Structure formats: C-alpha cells, structure tokens
Amino acid sequence: MGALSLLRRFSSTLPRTMAPLTIPLNDGKQIPWLGFGTGTALYQKDAEAAVRVAIANGITHLDGAQMYQNEESLGKAIVSSGKPRAELFVTTKLGKVPEGKTVRDTLVESLKKLSLDYVDLFLIHMPIQHEGKLKSVWKEFEDLQKEGLAKSIGVSNFRVKDLEEIIDGANVMPAVNQIEYHPYVYKATVPILELHKKHNIVATSYGGLTPIVRQPGGPVDPVLASIRQRLEKDSGKNVTDGQVLGLWLRYQGVVEVTTTSKEERVKEYIATQYLPDLTAEEVKAISDAGSQLHHRAFVRHWPFC
C-alpha cells in the first residue's frame, strides 16, 4: 500500500466544528484526538497543577500510567476540576505486575488513586515487562473490559511481533497502540501502521514534537517552515512548527498525546484542532523529509520490527 493511501485513512472522518475532534475506535467508542500526558516532563512529579490547567482550557483526554508514579495527583486534578466524569476521557497503563498480584489488582489500585470507578482506556504499557505472558495478560484485560473497569483496552510500545502475539486468539482486538511517532521514526513505523490498519487499531503518538524539541536542525525543519507560512497566509493566524507537526498527525488519524507545564502551550495545542488540514502533498513532504533521518528519542534500543 502506498504511503498516501495510508495517510488518508482518517482525513475524511474528522469533523470541522468547534467541538473537540474525536477519532472512532474499533469497539464503537470515540477517543479525543488531543490528549494531555502526565509522563515525560511530569514523570514522577506532581501533575495536579498542570492537569488542572489543561482541563480548564478544554482538554478532556488525560493520559496517565502506573509507571509515571503520579496517578494520585492526576486524580486530584480530575476531582478539583469539577468537570463531569462523562466529559473526560482518562487513560492509564499497566506497569510491571508485582509478584502475587493480578492485573486487576493493579487497576483497582490505580482507580483508587485516580478517584474513579473506571478508566476510558487501559493499556499494556511495555510488552517487555510481560515477556512470555502477553496472551494471559491480554485475557485479563478482556475480563476487565467485561467487568466495566476499563471501557476500552489497548497496548503501548508494541512492535509487530508483540501485536501479532496477542491478536492470535484474542476475543477483543486492541483499540489503540500508543507509540513514539513523529517524522523521524515514520519510515521505521510504517510496518506497525500497516498492521494497525488491517485490524482497525488507532495509533496514539507520544514524542510527536521530537523534530523541533529533541532533534532540531534536521531535514524536516525547512519543510515545516514552508507549510507554516502557507497556513498563516490561508488562515490569517499565527501558526507554529509544533502545530504543523500536530496537523501531520491529525491528517493520519493519529491521536496526539503531548504535555507541558506552560498554559500558552496548552492553548497552542488546543488551537491546532481548528487549523485547516494539510494537503496530501504537504503530508508526504514531511514524511519524505523525516525518512532522511532516523531518531528515536524513547526506547531507543527497541526499533519497531
């Protein structure tokens, strides 16, 4: 399959209204396109203030994890925001299961910390933490979804071989695979994206701003600048290179999970939802430029294969 046909997958399904954009999942539910993460800059830190700012500015998709060690502060932000539970989409992720504990035990503990009765999305965070046990762990996930403790279930950082392992014999297909995804891993990620398409699995991106934050000065930079200028001219608004990267993700139907401690950045992320689409040619130009350089900022020892 050609790159453009892959990239066009969701472009016609995204509404152009002032309501937050959502992407359909394979279980019939919807996931907000923009998520606020409590890892990276907030890893092992109190996330309450940052999450409250995100919610106050209109972000409803909150992405946490047991590994981040800050679920309690995420829960405090949810409670103190006053936002109705039904208007929020909360994700957490399974860490390493302690000896003598079950997956359910860990989720119940997470729910207590989050002050929630359920999460909207529960992910296996790292397949390497469950080597030889992925099938049984996934069965526990399926049971948790039946019980209603997780509305949707999925995975994170799964390579092709990991995804194929749990798909074989699964009763429920993963709804999401959250992966590092940006132009500098585009070429290496195509095989897993193709497998996603085959099973209608939505990709969620973390580290999406890597080309400008962690690897500036690369071949993508001039392409982003050119597209930014076109968008500014057409929209009459100031546009950032980070927003262009967000639009690259949005065109592909890839959920963007990002984070910041600055309110102005939160507003910038939200504003991305209401900017015009990139053209197919612009998306391809970014992908082609990104393919000239490989840079993985996270789990660097672990290329997708």
# chains A, B, ... in the order shown; residues from 1 in each chain; ligands from 1
>>> residues_around(residues="segment 163-176 of chain A", least_positions_apart="5", cutoff="7 Å", atoms="only C-alpha atoms", output="short mmCIF file (atom, residue, chain, number, x, y, z; two decimals) with N, CA and C atoms, in the first residue's frame")
data_model
loop_
_atom_site.label_atom_id
_atom_site.label_comp_id
_atom_site.auth_asym_id
_atom_site.auth_seq_id
_atom_site.Cartn_x
_atom_site.Cartn_y
_atom_site.Cartn_z
N LEU A 25 -12.98 4.42 17.56
CA LEU A 25 -12.24 3.22 17.91
C LEU A 25 -12.96 1.99 17.37
N ASN A 26 -12.25 0.88 17.30
CA ASN A 26 -12.84 -0.33 16.73
C ASN A 26 -13.86 -1.01 17.64
N ASP A 27 -14.03 -0.48 18.87
CA ASP A 27 -15.04 -1.03 19.77
C ASP A 27 -16.31 -0.17 19.83
N LEU A 134 2.16 -12.30 27.47
CA LEU A 134 1.30 -11.31 26.83
C LEU A 134 -0.11 -11.84 26.59
N LYS A 135 -0.22 -13.08 26.17
CA LYS A 135 -1.54 -13.64 25.91
C LYS A 135 -2.39 -13.68 27.18
N TRP A 138 -3.35 -10.19 28.26
CA TRP A 138 -4.42 -9.65 27.43
C TRP A 138 -5.78 -10.25 27.80
N GLU A 142 -9.22 -8.31 28.73
CA GLU A 142 -10.55 -8.57 28.18
C GLU A 142 -11.57 -8.75 29.31
N SER A 152 -12.39 0.78 27.20
CA SER A 152 -11.65 0.32 26.02
C SER A 152 -10.30 -0.20 26.50
N ILE A 153 -9.73 -1.13 25.74
CA ILE A 153 -8.43 -1.70 26.12
C ILE A 153 -7.49 -1.67 24.92
N GLY A 154 -6.21 -1.55 25.21
CA GLY A 154 -5.23 -1.47 24.13
C GLY A 154 -3.83 -1.72 24.63
N VAL A 155 -2.86 -1.28 23.85
CA VAL A 155 -1.46 -1.56 24.13
C VAL A 155 -0.61 -0.31 23.88
N PHE A 158 4.07 -1.45 21.33
CA PHE A 158 4.05 -2.79 20.76
C PHE A 158 4.63 -2.78 19.35
N ILE A 201 -6.90 -0.61 14.28
CA ILE A 201 -6.33 -0.16 15.55
C ILE A 201 -5.84 1.28 15.38
N VAL A 202 -6.21 2.14 16.30
CA VAL A 202 -5.81 3.55 16.23
C VAL A 202 -4.42 3.72 16.85
N ALA A 203 -3.56 4.45 16.17
CA ALA A 203 -2.25 4.80 16.72
C ALA A 203 -2.38 6.07 17.55
N THR A 204 -1.73 6.06 18.69
CA THR A 204 -1.62 7.24 19.53
C THR A 204 -0.15 7.62 19.59
#
>>> residues_around(residues="segment 236-251 of chain A", least_positions_apart="3", cutoff="6 Å", atoms="only C-alpha atoms", output="list in words")
Ser11, Leu224, Arg228, Glu232, Lys233, Val254, Thr272 and Val283 of chain A
>>> residues_around(residues="segment 86-92 of chain A", least_positions_apart="6", cutoff="6 Å", atoms="only C-alpha atoms", output="list of chain:residue names")
A:Thr60, A:His61, A:Leu62, A:Asp63, A:Gly64, A:Ala65, A:Val119, A:Asp120, A:Leu121, A:Phe122
>>> closest_residue(among="A:His182, A:Lys267, A:Lys112, A:Lys45", to="Ile212 of chain A", atoms="only C-alpha atoms")
A:His182
>>> residues_around(residues="Glu147 of chain A", least_positions_apart="2", cutoff="12 Å", atoms="only C-alpha atoms", output="ChimeraX atom specification")
/A:104,107-108,117-119,140-145,149-152
>>> atom_distance(atom1="atom CA of Ala289 of chain A", atom2="atom CA of Ile192 of chain A")
19.8 Å
>>> atom_distance(atom1="atom CA of Leu116 of chain A", atom2="atom CA of Asn157 of chain A")
25.3 Å
>>> select_by_dssp(residues="segment 97-139 of chain A", states="strand (DSSP E or B)", output="PyMOL selection string")
chain A and resi 119-124
>>> atom_distance(atom1="atom CA of Val103 of chain A", atom2="atom CA of Phe298 of chain A")
24.9 Å
>>> residues_around(residues="Leu34 of chain A", least_positions_apart="5", cutoff="8 Å", atoms="only C-alpha atoms", output="PyMOL selection string")
chain A and resi 21+59+61+255-258+269-270
>>> residues_around(residues="His295 of chain A", least_positions_apart="2", cutoff="7 Å", atoms="only C-alpha atoms", output="JSON, numbers by chain")
{"A": [184, 185, 293, 297]}
>>> closest_residue(among="A:Gln252, A:Asp234, A:Gly290, A:Tyr181", to="Pro276 of chain A", atoms="only C-alpha atoms")
A:Asp234
>>> closest_residue(among="A:Ala49, A:Gly39, A:Lys83, A:Ala54", to="Gln69 of chain A", atoms="only C-alpha atoms")
A:Gly39
>>> closest_residue(among="A:Ser261, A:Gln178, A:Thr102, A:Thr189", to="Asp46 of chain A", atoms="only C-alpha atoms")
A:Ser261
>>> residues_around(residues="Asn70 of chain A", least_positions_apart="2", cutoff="7 Å", atoms="only C-alpha atoms", output="PyMOL selection string")
chain A and resi 44-47+68+72-74
>>> select_by_dssp(residues="segment 66-288 of chain A", states="helix (DSSP H, G or I)", output="VMD selection string")
chain A and resid 66 to 68 71 to 81 85 to 87 103 to 114 127 to 130 134 to 147 160 to 167 183 to 199 210 to 213 220 to 235 241 to 251 263 to 272 280 to 288
